[in-house]
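Participant: Got a structure for you, questions after.
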Amino acid sequence: MTNTQVTLVQIDNYGPWTVTPEPRREADLQTMQSRLYADISQFVGNRGGYTFFTRFDNMIAVTNGLSMDDHALLQESVGNRYPVTLSLGVATGTTPVQALSDATTRLQEAGSAQDEDRRECLEGRTIDEAYRSDEDVQIAHFDVINATGTYTDELNAFDTFIEIEQGYAELMRHMRYAHDSLSFFVGGDNVIVVCPDLEAPDYEEAIHHVEEAVDVKLQVGVGRGDDAHDAGYAAKHALETCRADGTRVELEWEGSR
């Protein structure tokens, strides 16, 4: 059974800040958002986690292995170096959707995202070290089969982007509502999905659904681990097996074959 720890990262009072005392230059906002994401991703990644930018003012991280002290240190580091602060909601669950829902509730109960009095809230709980296992996190790494030959070398860059995003959007919706999973586009033609305890037929069904719905052909490697890094690294190896052998679904853990 998976036990995913999820952290909702929310910039405090960000909307009002972007227009106070007057609207800020969009290029400056985009630059700050990307730098902030990079710093958070590096901080969490150095501790075995994954961070996904989603809407930038809200980010979602898989933080198995990070303590509440680690989260507080992240807030302190950002507060010392950026003109904005972060509030963090932390929760765990047998599905990533459950964990994110609980983390979101923690922050919502602490105050609105645009509440000028809510600053650097840290709410929730982490997994006790005594209860962690090497099957807590399941990561699926999807990519488009022959994206270069099908799209990149045949269409202009924007039309290629549309096709890839169409596949991502359909996969994201399907994995959320059919399998309580969280899917994130990570560049190129790659989507990382944080999953509950799913098996090969679940992934085969998802691939078939996307192909039927939007005519985008996917393959996927899946891994498990005690944190996102270990699970994701196993998933990358499984995806390489797909590419080498021409298979559509590969699971990289003992007893999966």
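Identifiers for the structure tokens are assigned positionally: chains receive A, B, ... in sequence, residues are indexed from 1 per chain, and ligands are indexed from 1 in the order shown.
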Quick one: residues within 9 Å of Glu116 (chain A), only C-alpha atoms counted, chain neighbours fewer than 4 positions away excluded, as a list in words?

Facilitator: Asp12, Asn13, Pro16 and Ser112 of chain A

Participant: Which residues come within 8 Å of Met1 (chain A), counting only C-alpha atoms, excluding same-chain residues fewer than 2 positions away, as a PDB file with N, CA, C and O atoms, in the first residue's frame?

Facilitator:
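Below is the file that was written, result-v5.pdb:
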```pdb
ATOM      1  N   ASN A   3       1.865   5.209   0.598  1.00  0.00           N
ATOM      2  CA  ASN A   3       1.630   6.203   1.656  1.00  0.00           C
ATOM      3  C   ASN A   3       2.352   7.478   1.253  1.00  0.00           C
ATOM      4  O   ASN A   3       3.476   7.734   1.675  1.00  0.00           O
ATOM      5  N   THR A  94      -3.135   7.303   1.467  1.00  0.00           N
ATOM      6  CA  THR A  94      -2.907   6.111   0.654  1.00  0.00           C
ATOM      7  C   THR A  94      -3.053   6.416  -0.826  1.00  0.00           C
ATOM      8  O   THR A  94      -2.624   5.616  -1.659  1.00  0.00           O
ATOM      9  N   GLU A 135       7.864   0.990  -0.333  1.00  0.00           N
ATOM     10  CA  GLU A 135       6.742   0.972  -1.280  1.00  0.00           C
ATOM     11  C   GLU A 135       5.792   2.148  -1.056  1.00  0.00           C
ATOM     12  O   GLU A 135       4.663   2.151  -1.534  1.00  0.00           O
ATOM     13  N   ASP A 136       6.239   3.163  -0.338  1.00  0.00           N
ATOM     14  CA  ASP A 136       5.371   4.293  -0.001  1.00  0.00           C
ATOM     15  C   ASP A 136       4.979   5.123  -1.215  1.00  0.00           C
ATOM     16  O   ASP A 136       3.884   5.679  -1.267  1.00  0.00           O
ATOM     17  N   PRO A 196      -1.393   5.953  -6.604  1.00  0.00           N
ATOM     18  CA  PRO A 196      -1.581   5.004  -5.503  1.00  0.00           C
ATOM     19  C   PRO A 196      -1.089   3.626  -5.941  1.00  0.00           C
ATOM     20  O   PRO A 196      -0.321   3.516  -6.894  1.00  0.00           O
ATOM     21  N   ASP A 197      -1.567   2.599  -5.284  1.00  0.00           N
ATOM     22  CA  ASP A 197      -1.080   1.243  -5.552  1.00  0.00           C
ATOM     23  C   ASP A 197      -1.763   0.688  -6.804  1.00  0.00           C
ATOM     24  O   ASP A 197      -2.770  -0.025  -6.722  1.00  0.00           O
TER      25      ASP A 197
END
```

Participant: For Ile192 (chain A), work out the shell of residues within 7 Å, counting only C-alpha atoms and skipping chain neighbours fewer than 4 positions away, then give it as a list in words.

Facilitator: Ile139, Ala140, His141, Phe142, Ser183, Phe184, Phe185 and Val186 of chain A

Participant: Using only C-alpha atoms, can you tell me which of A:Tyr131, A:Ile164, A:Ala113, A:Arg47 comes closest to Thr152 (chain A)?

Facilitator: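 Closest candidate: A:Ile164.
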
Participant: Skip region 60-63 of chain A itself and residues of its chain fewer than 4 positions away, then list as a ChimeraX atom specification all residues within 10 Å of it, counting only C-alpha atoms.

Facilitator: /A:4-10,40-41,44-45,47-56,67,70-71,88-92,96,99-100,103,126-127,137,182,184,194,227-229

Participant: Mind checking DSSP for region 35-202 of chain A and telling me the helix (DSSP H, G or I) residues as JSON, numbers by chain?

Facilitator: {"A": [35, 36, 37, 38, 39, 40, 41, 42, 43, 44, 45, 68, 69, 70, 71, 72, 73, 74, 75, 76, 77, 78, 79, 80, 81, 96, 97, 98, 99, 100, 101, 102, 103, 104, 105, 106, 107, 108, 109, 110, 129, 130, 131, 147, 148, 149, 150, 151, 152, 157, 158, 159, 160, 161, 162, 163, 164, 165, 166, 167, 168, 169, 170, 171, 172, 173, 174, 175, 176, 177, 178, 179, 200, 201, 202]}

Participant: Here is a test: counting only C-alpha atoms, which residue of A:Met68, A:Met32, A:Tyr37, A:Leu218 is nearest to Asn146 (chain A)?

Facilitator: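 Once distances to Asn146 (chain A) are computed over only C-alpha atoms, the minimum belongs to A:Leu218.
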
Participant: If you run DSSP on the backbone here, which positions in region 23-108 of chain A get strand (DSSP E)? Please write them as a VMD selection string.

Facilitator: chain A and resid 50 to 52 58 to 62 86 to 93

Participant: Which one of A:Asn64, A:Gln30, A:Asp215, A:Gly188 sits closest to Ala157 (chain A) if you count only C-alpha atoms?

Facilitator: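 Of A:Asn64, A:Gln30, A:Asp215, A:Gly188, the one nearest Ala157 (chain A) is A:Gly188, counting only C-alpha atoms.
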
Participant: Taking into account only C-alpha atoms, which residue in the set A:Ala169, A:Leu239, A:Ile11, A:Ile145 is nearest to Leu86 (chain A)?

Facilitator: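 Closest to Leu86 (chain A) of all the choices is A:Ile11.
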
Participant: Taking only C-alpha atoms into account, which of A:Val249, A:Val19, A:Leu36, A:Ala238 comes nearest Ile207 (chain A)?

Facilitator: A:Val249

Participant: Rounded to one decimal in Å, what is the spacing between CA of Thr31 (chain A) and CA of Gln114 (chain A)?

Facilitator: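 Those two atoms sit 21.2 Å apart.
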
Participant: I'd like the interatomic distance between CA of Gln33 (chain A) and CA of Asn58 (chain A), to a tenth of an Å.

Facilitator: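 Between these atoms lies a distance of 10.3 Å.
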
Participant: Which one of A:Asp245, A:Asp189, A:Asp69, A:Glu205 sits closest to Tyr168 (chain A) if you count only C-alpha atoms?

Facilitator: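 Using only C-alpha atoms, the shortest distance to Tyr168 (chain A) belongs to A:Asp189.
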